[in-house]
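Asker: Here you go, this is input.txt (compact mmCIF, C-alpha atoms and all ligand atoms).
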# COMPACT_ATOMS: atom_id res chain seq x y z
CA MET A 1 0.00 0.00 0.00
CA ASN A 2 1.14 3.47 -0.81
CA LYS A 3 1.49 5.55 2.34
CA ALA A 4 2.25 8.86 0.66
CA ILE A 5 -1.15 10.27 1.63
CA SER A 6 -4.36 9.04 3.19
CA LYS A 7 -6.34 6.64 1.00
CA THR A 8 -9.46 8.80 0.82
CA GLY A 9 -10.58 12.36 1.33
CA VAL A 10 -9.63 15.72 -0.09
CA VAL A 11 -5.95 16.67 0.03
CA LYS A 12 -3.93 19.69 -1.01
CA ALA A 13 -1.53 18.97 -3.84
CA LEU A 14 1.23 21.25 -5.09
CA GLY A 15 1.87 20.78 -8.81
CA ALA A 16 4.90 22.13 -10.65
CA MET A 17 5.55 22.31 -14.36
CA SER A 18 8.43 23.46 -16.52
CA GLY A 19 7.09 23.63 -20.07
CA THR A 20 8.59 23.50 -23.54
CA SER A 21 8.89 27.30 -23.77
CA LEU A 22 11.68 27.21 -21.18
CA ASP A 23 10.48 30.46 -19.66
CA GLY A 24 10.25 29.25 -16.08
CA VAL A 25 8.53 27.03 -13.54
CA ASP A 26 4.87 27.34 -12.53
CA ALA A 27 3.62 25.97 -9.24
CA ALA A 28 0.05 25.83 -7.95
CA ILE A 29 -2.12 24.25 -5.31
CA VAL A 30 -5.17 22.17 -6.14
CA GLU A 31 -7.56 20.57 -3.68
CA THR A 32 -8.68 17.17 -4.82
CA ASP A 33 -9.51 13.61 -3.85
CA GLY A 34 -7.96 12.41 -7.12
CA ALA A 35 -11.32 12.33 -8.89
CA HIS A 36 -12.99 15.68 -8.28
CA ILE A 37 -11.55 19.15 -7.90
CA TYR A 38 -12.71 21.00 -4.79
CA GLY A 39 -10.81 24.23 -5.28
CA PHE A 40 -7.62 25.94 -6.33
CA GLY A 41 -5.11 27.71 -4.11
CA GLU A 42 -1.91 29.69 -4.09
CA THR A 43 0.26 29.96 -7.20
CA ALA A 44 3.84 31.03 -7.84
CA TYR A 45 6.24 31.39 -10.73
CA ARG A 46 10.02 31.33 -10.94
CA GLN A 47 11.56 32.57 -14.14
CA TYR A 48 14.71 30.94 -15.51
CA SER A 49 17.61 33.35 -15.85
CA GLN A 50 19.11 33.86 -19.29
CA SER A 51 22.03 31.58 -18.45
CA GLU A 52 19.78 28.87 -17.00
CA ARG A 53 17.65 28.99 -20.12
CA GLU A 54 20.72 28.52 -22.28
CA VAL A 55 21.68 25.42 -20.29
CA LEU A 56 18.16 24.03 -20.75
CA ARG A 57 18.13 24.88 -24.44
CA ALA A 58 21.46 23.09 -24.88
CA GLY A 59 19.96 20.01 -23.25
CA LEU A 60 16.96 19.84 -25.62
CA GLY A 61 17.11 16.76 -27.81
CA SER A 62 19.57 14.91 -25.60
CA TRP A 63 18.87 11.58 -23.93
CA GLY A 64 21.51 11.86 -21.22
CA GLY A 65 25.13 12.86 -20.80
CA ASP A 66 26.68 16.11 -19.59
CA VAL A 67 24.22 18.53 -21.20
CA ALA A 68 21.29 16.65 -19.72
CA GLU A 69 22.93 16.56 -16.30
CA ALA A 70 23.53 20.30 -16.42
CA ALA A 71 19.89 20.84 -17.41
CA ALA A 72 18.74 18.57 -14.58
CA LYS A 73 20.67 20.69 -12.07
CA VAL A 74 18.96 23.85 -13.27
CA VAL A 75 15.57 22.15 -13.08
CA ASP A 76 16.19 20.77 -9.59
CA THR A 77 17.44 24.09 -8.22
CA ALA A 78 14.60 26.16 -9.70
CA HIS A 79 11.92 23.74 -8.47
CA ALA A 80 13.39 23.43 -4.97
CA GLU A 81 13.53 27.24 -4.68
CA LEU A 82 9.99 27.77 -5.92
CA MET A 83 8.31 24.89 -4.15
CA SER A 84 9.97 25.79 -0.83
CA GLU A 85 7.76 28.89 -0.82
CA PHE A 86 4.81 26.59 -0.10
CA SER A 87 4.26 24.73 3.16
CA ASP A 88 0.55 23.97 3.44
CA TYR A 89 0.13 20.94 1.20
CA ASP A 90 0.12 17.14 1.48
CA ILE A 91 1.81 15.94 -1.69
CA ALA A 92 3.64 17.38 -4.68
CA GLY A 93 3.55 16.56 -8.37
CA PHE A 94 6.80 17.29 -10.18
CA HIS A 95 6.73 17.06 -13.98
CA GLY A 96 10.34 18.07 -14.53
CA GLN A 97 11.59 19.31 -17.91
CA THR A 98 11.13 17.31 -21.08
CA LEU A 99 14.42 17.24 -22.95
CA ALA A 100 13.42 14.75 -25.61
CA HIS A 101 10.27 12.94 -26.63
CA ALA A 102 10.12 10.16 -29.23
CA PRO A 103 7.62 7.68 -27.80
CA ARG A 104 7.89 5.24 -30.69
CA HIS A 105 11.70 5.20 -30.67
CA GLN A 106 13.85 6.11 -27.66
CA GLY A 107 10.92 6.94 -25.35
CA THR A 108 10.34 10.12 -23.39
CA TYR A 109 12.86 11.90 -21.21
CA GLN A 110 12.12 14.37 -18.40
CA VAL A 111 14.97 15.56 -16.22
CA GLY A 112 14.56 16.38 -12.55
CA ASP A 113 15.20 14.27 -9.48
CA GLY A 114 11.91 13.73 -7.68
CA ALA A 115 13.50 11.64 -4.92
CA GLY A 116 15.97 14.43 -4.11
CA LEU A 117 13.18 17.02 -4.23
CA SER A 118 11.15 14.99 -1.75
CA GLN A 119 14.08 15.08 0.69
CA LYS A 120 14.51 18.83 0.24
CA LEU A 121 10.81 19.62 0.68
CA GLY A 122 10.09 17.01 3.33
CA LYS A 123 6.95 15.99 1.40
CA PRO A 124 5.91 13.06 -0.78
CA VAL A 125 6.73 13.84 -4.40
CA VAL A 126 5.24 12.10 -7.45
CA TRP A 127 7.33 12.32 -10.62
CA ASP A 128 8.25 10.55 -13.87
CA PHE A 129 4.62 10.67 -14.96
CA ARG A 130 5.12 9.71 -18.61
CA SER A 131 7.38 6.62 -18.74
CA ASP A 132 4.85 3.93 -17.86
CA ASP A 133 2.40 5.12 -20.48
CA VAL A 134 5.13 4.95 -23.13
CA ALA A 135 6.20 1.51 -21.88
CA MET A 136 2.59 0.37 -22.37
CA GLY A 137 2.63 1.59 -25.99
CA GLY A 138 1.15 5.06 -25.37
CA GLU A 139 2.42 8.45 -26.52
CA GLY A 140 3.22 9.51 -22.94
CA ALA A 141 1.54 12.86 -23.72
CA PRO A 142 -0.61 14.79 -23.35
CA LEU A 143 -1.32 13.96 -19.70
CA ALA A 144 -3.44 16.97 -18.72
CA PRO A 145 -6.68 15.47 -20.19
CA PHE A 146 -7.80 13.67 -17.01
CA PHE A 147 -7.39 16.98 -15.21
CA HIS A 148 -9.33 18.75 -17.98
CA PHE A 149 -12.17 16.28 -17.45
CA ALA A 150 -12.19 17.12 -13.73
CA CYS A 151 -12.15 20.85 -14.60
CA ALA A 152 -15.19 20.43 -16.85
CA LYS A 153 -17.00 18.73 -13.96
CA PHE A 154 -15.80 21.41 -11.52
CA LEU A 155 -17.25 24.04 -13.86
CA LYS A 156 -20.48 22.03 -14.06
CA LEU A 157 -20.34 21.98 -17.87
CA ASP A 158 -22.91 19.77 -19.54
CA GLN A 159 -21.80 19.97 -23.18
CA PRO A 160 -18.57 18.84 -24.86
CA VAL A 161 -15.80 21.45 -24.80
CA CYS A 162 -12.18 21.53 -25.92
CA PHE A 163 -9.27 22.69 -23.80
CA LEU A 164 -6.57 24.09 -26.05
CA ASN A 165 -3.16 24.59 -24.51
CA LEU A 166 -1.05 27.05 -26.51
CA GLY A 167 2.43 26.56 -25.10
CA GLY A 168 5.59 25.83 -27.06
CA VAL A 169 3.64 22.92 -28.53
CA GLY A 170 -0.15 22.99 -28.83
CA ASN A 171 -2.35 20.32 -27.33
CA LEU A 172 -6.08 19.81 -27.44
CA THR A 173 -8.41 17.86 -25.17
CA TYR A 174 -11.97 17.15 -26.26
CA VAL A 175 -13.95 16.56 -23.06
CA ASP A 176 -17.46 15.19 -22.91
CA PRO A 177 -18.67 15.92 -19.35
CA ARG A 178 -21.87 13.96 -19.96
CA PHE A 179 -19.80 10.88 -19.10
CA ASP A 180 -19.44 10.07 -15.41
CA THR A 181 -15.72 9.34 -15.44
CA ALA A 182 -12.71 10.18 -17.58
CA GLU A 183 -11.92 6.48 -18.01
CA GLU A 184 -15.07 5.75 -20.05
CA PRO A 185 -14.41 5.41 -23.79
CA GLY A 186 -15.64 8.58 -25.49
CA ALA A 187 -15.19 10.86 -22.48
CA LEU A 188 -11.86 12.18 -23.77
CA LEU A 189 -9.92 12.57 -26.98
CA ALA A 190 -6.56 14.31 -26.80
CA PHE A 191 -3.49 14.99 -28.89
CA ASP A 192 -0.84 17.55 -29.73
CA THR A 193 -2.14 19.83 -32.49
CA GLY A 194 1.26 20.89 -33.79
CA PRO A 195 3.79 23.53 -32.89
CA ALA A 196 2.24 26.51 -31.11
CA ASN A 197 4.56 29.30 -29.93
CA ALA A 198 7.92 27.53 -30.25
CA PRO A 199 8.58 28.38 -33.93
CA VAL A 200 7.53 32.03 -33.42
CA ASN A 201 9.76 32.25 -30.34
CA ASP A 202 12.66 30.72 -32.30
CA LEU A 203 12.12 33.21 -35.12
CA MET A 204 12.03 36.17 -32.71
CA GLN A 205 15.19 34.91 -31.02
CA ALA A 206 17.07 34.34 -34.26
CA ARG A 207 16.12 37.57 -36.02
CA LEU A 208 15.47 40.10 -33.27
CA GLY A 209 17.05 38.62 -30.15
CA LEU A 210 13.60 38.65 -28.52
CA GLU A 211 11.99 35.94 -26.42
CA MET A 212 8.58 36.11 -28.07
CA ASP A 213 6.31 38.14 -30.31
CA THR A 214 4.71 39.98 -27.39
CA GLY A 215 1.08 40.81 -28.08
CA GLY A 216 1.56 39.50 -31.64
CA LYS A 217 2.95 42.94 -32.50
CA VAL A 218 5.31 41.68 -35.20
CA ALA A 219 2.82 39.24 -36.75
CA MET A 220 0.09 41.90 -36.71
CA GLY A 221 1.69 43.86 -39.53
CA GLY A 222 2.36 40.79 -41.67
CA THR A 223 0.68 38.80 -44.42
CA VAL A 224 0.40 35.02 -44.27
CA GLU A 225 2.35 33.29 -47.04
CA THR A 226 -0.15 30.63 -48.11
CA GLY A 227 2.42 28.52 -49.99
CA ALA A 228 4.42 27.98 -46.80
CA LEU A 229 1.22 27.25 -44.90
CA GLU A 230 0.25 24.58 -47.43
CA LEU A 231 3.69 22.95 -47.22
CA PHE A 232 3.34 22.91 -43.44
CA LEU A 233 -0.08 21.25 -43.55
CA ALA A 234 1.27 18.62 -45.95
CA GLU A 235 3.45 17.27 -43.11
CA PRO A 236 2.41 13.64 -42.45
CA TYR A 237 1.77 14.48 -38.78
CA PHE A 238 -1.47 16.25 -39.71
CA SER A 239 -2.99 13.28 -41.52
CA ARG A 240 -2.21 10.91 -38.63
CA LEU A 241 -5.23 10.01 -36.53
CA PRO A 242 -5.03 10.96 -32.84
CA PRO A 243 -3.89 10.28 -30.19
CA LYS A 244 -0.47 11.61 -31.22
CA SER A 245 2.21 13.76 -29.63
CA LEU A 246 5.20 15.88 -30.55
CA ASP A 247 8.62 16.84 -29.36
CA ARG A 248 9.22 20.58 -29.02
CA ASN A 249 11.69 20.58 -31.90
CA ASP A 250 9.83 18.22 -34.25
CA PHE A 251 8.82 21.19 -36.37
CA SER A 252 11.88 23.38 -35.84
CA GLU A 253 12.59 23.36 -39.59
CA MET A 254 9.33 25.30 -40.09
CA ILE A 255 11.41 28.38 -39.65
CA ASP A 256 13.14 27.53 -42.94
CA LEU A 257 9.78 27.72 -44.74
CA VAL A 258 9.61 31.41 -43.84
CA GLY A 259 13.32 32.08 -44.29
CA GLU A 260 12.84 34.37 -47.30
CA LEU A 261 10.03 36.40 -45.73
CA ASN A 262 10.39 39.68 -43.87
CA ASN A 263 9.95 39.59 -40.09
CA ALA A 264 6.26 40.52 -40.06
CA ASP A 265 5.25 38.06 -42.81
CA ALA A 266 7.39 35.31 -41.26
CA ALA A 267 5.83 35.83 -37.81
CA ALA A 268 2.31 35.99 -39.28
CA THR A 269 2.89 32.80 -41.24
CA LEU A 270 4.29 30.85 -38.26
CA THR A 271 1.39 32.07 -36.13
CA ALA A 272 -1.04 30.97 -38.83
CA MET A 273 0.61 27.54 -38.85
CA CYS A 274 -0.25 27.12 -35.19
CA ALA A 275 -3.90 28.06 -35.83
CA ALA A 276 -4.07 25.83 -38.91
CA GLY A 277 -2.76 22.83 -36.93
CA VAL A 278 -5.50 23.40 -34.37
CA ALA A 279 -8.20 23.77 -37.07
CA GLN A 280 -6.99 20.57 -38.72
CA GLY A 281 -7.00 18.77 -35.36
CA MET A 282 -10.50 19.92 -34.47
CA GLN A 283 -11.82 17.83 -37.36
CA HIS A 284 -11.09 14.74 -35.25
CA CYS A 285 -13.53 15.78 -32.50
CA PRO A 286 -16.44 13.35 -32.33
CA GLU A 287 -18.87 16.28 -31.99
CA GLN A 288 -18.64 20.03 -32.43
CA PRO A 289 -17.75 21.33 -28.94
CA ALA A 290 -19.75 24.15 -27.36
CA MET A 291 -16.53 26.17 -27.10
CA VAL A 292 -12.76 26.01 -27.20
CA LEU A 293 -11.14 27.12 -23.95
CA ALA A 294 -7.68 28.47 -24.64
CA THR A 295 -4.97 28.17 -22.02
CA GLY A 296 -1.18 28.63 -22.01
CA GLY A 297 0.81 31.68 -23.09
CA GLY A 298 -0.53 31.79 -26.66
CA ARG A 299 -3.89 33.02 -25.39
CA HIS A 300 -2.14 36.36 -24.72
CA ASN A 301 -1.41 36.70 -28.44
CA PRO A 302 -4.37 38.51 -30.06
CA VAL A 303 -3.20 37.67 -33.57
CA LEU A 304 -3.22 33.96 -32.79
CA MET A 305 -6.56 34.19 -30.98
CA GLN A 306 -8.10 36.04 -33.93
CA MET A 307 -6.79 33.45 -36.39
CA LEU A 308 -8.30 30.71 -34.23
CA ALA A 309 -11.63 32.54 -33.99
CA VAL A 310 -11.77 32.79 -37.77
CA SER A 311 -10.76 29.22 -38.51
CA LEU A 312 -12.74 27.30 -35.88
CA ASP A 313 -16.49 26.67 -36.05
CA CYS A 314 -17.21 27.41 -32.39
CA PRO A 315 -16.48 30.23 -29.92
CA VAL A 316 -12.88 30.50 -28.71
CA LYS A 317 -12.49 31.85 -25.17
CA SER A 318 -9.67 32.19 -22.69
CA VAL A 319 -10.07 29.83 -19.73
CA GLU A 320 -10.26 32.97 -17.56
CA GLU A 321 -13.72 33.55 -19.03
CA VAL A 322 -14.90 30.42 -17.20
CA GLY A 323 -12.93 31.17 -14.03
CA LEU A 324 -9.74 29.12 -14.51
CA ASP A 325 -6.13 30.35 -14.48
CA GLY A 326 -4.55 29.83 -17.90
CA ASP A 327 -1.03 30.41 -16.63
CA MET A 328 -1.33 27.72 -13.98
CA LEU A 329 -3.48 24.99 -15.50
CA GLU A 330 -0.55 22.68 -16.30
CA ALA A 331 0.94 23.04 -12.82
CA GLN A 332 -2.48 22.34 -11.31
CA ALA A 333 -2.77 19.33 -13.64
CA PHE A 334 0.37 17.73 -12.22
CA GLY A 335 -0.81 18.35 -8.66
CA TYR A 336 -4.08 16.64 -9.52
CA LEU A 337 -2.30 13.77 -11.29
CA ALA A 338 0.03 13.31 -8.29
CA VAL A 339 -2.96 12.51 -6.10
CA ARG A 340 -4.30 10.10 -8.70
CA VAL A 341 -0.94 8.32 -8.86
CA ALA A 342 -0.61 8.14 -5.07
CA ARG A 343 -4.11 6.65 -4.85
CA GLY A 344 -3.51 4.10 -7.60
CA LEU A 345 -5.84 5.77 -10.12
CA VAL A 346 -5.08 5.82 -13.83
CA THR A 347 -3.76 8.96 -15.52
CA SER A 348 -4.16 8.16 -19.21
CA ALA A 349 -6.52 6.23 -21.45
CA PRO A 350 -6.62 4.94 -25.04
CA GLY A 351 -8.33 8.18 -26.08
CA THR A 352 -5.70 10.44 -24.53
CA THR A 353 -2.34 8.83 -25.30
CA GLY A 354 -3.25 5.84 -27.45
CA VAL A 355 -2.17 3.47 -24.70
CA SER A 356 -3.81 0.06 -25.11
CA ALA A 357 -5.66 0.22 -21.77
CA CYS A 358 -6.06 2.86 -19.06
CA VAL A 359 -2.78 3.17 -17.20
CA GLY A 360 -1.36 4.96 -14.18
CA GLY A 361 2.31 5.65 -13.77
CA GLY A 362 4.68 7.88 -11.92
CA ILE A 363 7.12 7.27 -9.11
CA VAL A 364 6.15 8.18 -5.55
CA SER A 365 9.15 9.29 -3.46
CA LEU A 366 8.77 9.77 0.26
CA PRO A 367 11.07 11.92 2.40
CA THR A 368 13.26 9.91 4.77
CA GLY A 369 11.51 9.02 7.96
CA LYS A 370 8.03 9.25 6.50
CA ARG A 371 7.60 5.71 5.22
N1 LIG B 401 1.87 38.48 -24.08
C1 LIG B 401 2.19 37.51 -24.94
N2 LIG B 401 2.13 37.73 -26.26
C2 LIG B 401 2.45 36.79 -27.16
N3 LIG B 401 2.85 35.54 -26.82
C3 LIG B 401 2.92 35.27 -25.52
C4 LIG B 401 2.59 36.22 -24.51
N4 LIG B 401 2.77 35.64 -23.31
C5 LIG B 401 3.20 34.39 -23.55
N5 LIG B 401 3.28 34.16 -24.88
C6 LIG B 401 3.75 32.94 -25.55
O1 LIG B 401 3.49 31.83 -24.70
C7 LIG B 401 4.71 31.14 -24.42
C8 LIG B 401 4.66 30.55 -23.05
O2 LIG B 401 3.55 29.71 -22.97
P1 LIG B 401 3.43 28.63 -21.84
O3 LIG B 401 3.99 29.16 -20.59
O4 LIG B 401 2.03 28.15 -21.88
O5 LIG B 401 4.39 27.51 -22.43
P2 LIG B 401 4.92 26.20 -21.78
O6 LIG B 401 4.01 25.77 -20.68
O7 LIG B 401 6.35 26.38 -21.49
O8 LIG B 401 4.81 25.18 -23.01
P3 LIG B 401 4.13 23.73 -23.12
O9 LIG B 401 2.69 23.88 -22.72
O10 LIG B 401 4.31 23.40 -24.57
O11 LIG B 401 4.92 22.84 -22.24
C9 LIG B 401 5.79 32.19 -24.58
O12 LIG B 401 7.04 31.59 -24.86
C10 LIG B 401 5.25 32.99 -25.75
O13 LIG B 401 5.55 32.39 -26.97
C1 LIG B 402 6.45 15.25 -23.80
C2 LIG B 402 5.97 16.54 -23.23
O1 LIG B 402 6.52 17.05 -22.29
N1 LIG B 402 4.89 17.07 -23.81
C3 LIG B 402 4.27 18.30 -23.35
C4 LIG B 402 4.51 19.39 -24.41
O2 LIG B 402 3.93 20.62 -23.99
C5 LIG B 402 2.62 20.68 -24.53
C6 LIG B 402 2.44 19.37 -25.21
O3 LIG B 402 3.78 19.06 -25.57
C7 LIG B 402 1.92 18.27 -24.27
O4 LIG B 402 1.87 17.07 -24.99
C8 LIG B 402 2.83 18.04 -23.05
O5 LIG B 402 2.49 18.75 -21.92
C9 LIG B 402 1.24 18.84 -21.35
C10 LIG B 402 1.33 19.51 -20.02
C11 LIG B 402 0.52 17.50 -21.14
O6 LIG B 402 1.16 16.48 -20.96
O7 LIG B 402 -0.70 17.53 -21.10
Give the structure from the file, written as structure tokens.

Answerer:
Amino acid sequence: MNKAISKTGVVKALGAMSGTSLDGVDAAIVETDGAHIYGFGETAYRQYSQSEREVLRAGLGSWGGDVAEAAAKVVDTAHAELMSEFSDYDIAGFHGQTLAHAPRHQGTYQVGDGAGLSQKLGKPVVWDFRSDDVAMGGEGAPLAPFFHFACAKFLKLDQPVCFLNLGGVGNLTYVDPRFDTAEEPGALLAFDTGPANAPVNDLMQARLGLEMDTGGKVAMGGTVETGALELFLAEPYFSRLPPKSLDRNDFSEMIDLVGELNNADAAATLTAMCAAGVAQGMQHCPEQPAMVLATGGGRHNPVLMQMLAVSLDCPVKSVEEVGLDGDMLEAQAFGYLAVRVARGLVTSAPGTTGVSACVGGGIVSLPTGKR
């Protein structure tokens, strides 16, 4: 029996996530029994410094070795600092940083030492969420869908909706809250839609030394180059049926498709590629959702949001419009999933990662003396 937390009842979980954008670590409290959400609590953010970000960037694509070890140190330090700001919680969920993801080949690789973090925080820590799903033949991502299902129930929604995370990579969860549980076939369909902000960020970095196209200001003055957009949509990824997932750099060559364009046209075209990947992906939804709820940093980009509004057949809203926190949803997701793991509940299903049967996963590390 797992003694990380009590077997039943509502607990406070602290989730922490370091996403593909490499901007920083988000941490947030969620109150849950592993099935339902009862409330959300404190949140915090710790930005990576420029030099830390460079170490992480150097580690991307590696499956171990010195660069990965250096990245792991940055991840461990940043998480320990940020999560130490919290004390009132029962268990933590630690996603770590994905350095590489190729579920059908080498697997999936998140750095970060959950056992060490548990010692530092003096709390049970759940980590390595993705490996078991991949070992069972799943994509290992996305994992937020079970949390999205719980959010839809928390919001008392009674029609299908989509959660659309616009991070470095985009991922979509179709949720049908008319089902009782997330495990039931048909309750969830999820997949990565394509690159979201990562190519635009890379373009801004390469051409202007900027981290992002803040407010879509560069893209706003540009014209979408339809030839490049068509070449992008011809990528075999878009004709694959979901579930399916991506590595951050799977589409890094997209930047070459806009190489000849001026900054504004290039940014507009890469932004349009993100929206087009989502529109393409939406065709896989079993029913037209009542709305798309956008979360992640891309929802702050009005150019991207406008492109989505034009290309999707249903309203597109920020999750804030229904009372959720779009900067913290992924961190909350890993807090929620930590409780599921600790209580032996599954965290993915055939409809979310393509795994052959519902599967749990994750390692539970307990601080010394608390076994
Ligand atoms: N004001 C803004 N204007 C335009 N883009 C923005 C703005 N704020 C954030 N973004 C974009 O959102 C990105 C960060 O998004 P987010 O924090 O959701 O990513 P992530 O969680 O690291 O990625 P993933 O979900 O793929 O793991 C930034 O790198 C930037 O591209
Ligand atoms: C392998 C990996 O880390 N994937 C991330 C990434 O970032 C967005 C998208 O690609 C999604 O599949 C996933 O993260 C979210 C939190 C998830 O697992 O739901």

Asker: Can you find the residues with an atom no farther than 12 Å from (-14.2, 27.4, -25.1), counting only C-alpha atoms, and report them as number ranges by chain?

Answerer: A: 152, 157, 159-165, 172-175, 288-295, 299, 305, 308-309, 312-324

Asker: I'd like the interatomic distance between CA of Ile29 (chain A) and CA of Gly362 (chain A), to a tenth of an Å.

Answerer: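 Those two atoms sit 18.9 Å apart.
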
Asker: Can you pull out every residue with an atom within 10 Å of ligand LIG 401 (chain B)? Use only C-alpha atoms and all ligand atoms and format it as number ranges by chain.

Answerer: A: 17-26, 97-98, 142, 164-171, 192, 195-202, 204, 211-219, 246-248, 295-304, 326-331

Asker: My list of candidates is A:Gln119, A:Gln332, A:Ser311, A:Ser245. Which is closest to Gly41 (chain A) when distances are computed with only C-alpha atoms?

Answerer: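 Of A:Gln119, A:Gln332, A:Ser311, A:Ser245, the one nearest Gly41 (chain A), counting only C-alpha atoms, is A:Gln332.
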
Asker: Smallest atom-to-atom distance to ligand LIG 402 (chain B): which of A:Gly221, A:Gly140, A:Gly9, A:Gly122, using all atoms listed in the file?

Answerer: A:Gly140

Asker: If I take CA of Thr353 (chain A) and CA of Gly186 (chain A), how far is one from the other in Å, to one decimal?

Answerer: 13.3 Å

Asker: Considering all atoms listed in the file, state which residue in the set A:Tyr48, A:Phe238, A:Tyr38, A:Tyr109 is at the smallest distance from ligand LIG 402 (chain B).

Answerer: A:Tyr109

Asker: Given the choices A:Gly116, A:Gly354, A:Gly96, A:Gly59, which gets closest to ligand LIG 402 (chain B) if the distance is worked out from all atoms listed in the file?

Answerer: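 Ranking A:Gly116, A:Gly354, A:Gly96, A:Gly59 by distance to ligand LIG 402 (chain B), first place goes to A:Gly96.
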
Asker: Taking N, CA and C atoms as the atom set, what does region 90-103 of chain A look like once completed, written as a PDB file, in the coordinates of the input?

Answerer:
ATOM      1  N   ASP A  90      -0.100  18.522   1.047  1.00  0.00           N
ATOM      2  CA  ASP A  90       0.120  17.140   1.480  1.00  0.00           C
ATOM      3  C   ASP A  90       1.049  16.363   0.559  1.00  0.00           C
ATOM      4  N   ILE A  91       1.051  16.724  -0.709  1.00  0.00           N
ATOM      5  CA  ILE A  91       1.810  15.940  -1.690  1.00  0.00           C
ATOM      6  C   ILE A  91       2.145  16.853  -2.862  1.00  0.00           C
ATOM      7  N   ALA A  92       3.263  16.559  -3.522  1.00  0.00           N
ATOM      8  CA  ALA A  92       3.640  17.380  -4.680  1.00  0.00           C
ATOM      9  C   ALA A  92       3.700  16.537  -5.943  1.00  0.00           C
ATOM     10  N   GLY A  93       3.396  17.175  -7.055  1.00  0.00           N
ATOM     11  CA  GLY A  93       3.550  16.560  -8.370  1.00  0.00           C
ATOM     12  C   GLY A  93       4.601  17.339  -9.137  1.00  0.00           C
ATOM     13  N   PHE A  94       5.621  16.644  -9.579  1.00  0.00           N
ATOM     14  CA  PHE A  94       6.800  17.290 -10.180  1.00  0.00           C
ATOM     15  C   PHE A  94       6.966  16.734 -11.601  1.00  0.00           C
ATOM     16  N   HIS A  95       6.617  17.544 -12.599  1.00  0.00           N
ATOM     17  CA  HIS A  95       6.730  17.060 -13.980  1.00  0.00           C
ATOM     18  C   HIS A  95       8.178  16.996 -14.439  1.00  0.00           C
ATOM     19  N   GLY A  96       8.980  17.969 -14.003  1.00  0.00           N
ATOM     20  CA  GLY A  96      10.340  18.070 -14.530  1.00  0.00           C
ATOM     21  C   GLY A  96      10.332  18.747 -15.893  1.00  0.00           C
ATOM     22  N   GLN A  97      11.467  18.664 -16.588  1.00  0.00           N
ATOM     23  CA  GLN A  97      11.590  19.310 -17.910  1.00  0.00           C
ATOM     24  C   GLN A  97      11.790  18.234 -18.973  1.00  0.00           C
ATOM     25  N   THR A  98      10.931  18.239 -19.969  1.00  0.00           N
ATOM     26  CA  THR A  98      11.130  17.310 -21.080  1.00  0.00           C
ATOM     27  C   THR A  98      12.321  17.784 -21.910  1.00  0.00           C
ATOM     28  N   LEU A  99      13.300  16.913 -22.068  1.00  0.00           N
ATOM     29  CA  LEU A  99      14.420  17.240 -22.950  1.00  0.00           C
ATOM     30  C   LEU A  99      14.220  16.608 -24.319  1.00  0.00           C
ATOM     31  N   ALA A 100      13.625  15.423 -24.326  1.00  0.00           N
ATOM     32  CA  ALA A 100      13.420  14.750 -25.610  1.00  0.00           C
ATOM     33  C   ALA A 100      12.187  13.864 -25.508  1.00  0.00           C
ATOM     34  N   HIS A 101      11.516  13.716 -26.630  1.00  0.00           N
ATOM     35  CA  HIS A 101      10.270  12.940 -26.630  1.00  0.00           C
ATOM     36  C   HIS A 101      10.137  12.256 -27.984  1.00  0.00           C
ATOM     37  N   ALA A 102      10.283  10.956 -28.007  1.00  0.00           N
ATOM     38  CA  ALA A 102      10.120  10.160 -29.230  1.00  0.00           C
ATOM     39  C   ALA A 102       9.526   8.831 -28.800  1.00  0.00           C
ATOM     40  N   PRO A 103       8.223   8.848 -28.449  1.00  0.00           N
ATOM     41  CA  PRO A 103       7.620   7.680 -27.800  1.00  0.00           C
ATOM     42  C   PRO A 103       7.748   6.384 -28.588  1.00  0.00           C
TER      43      PRO A 103
END
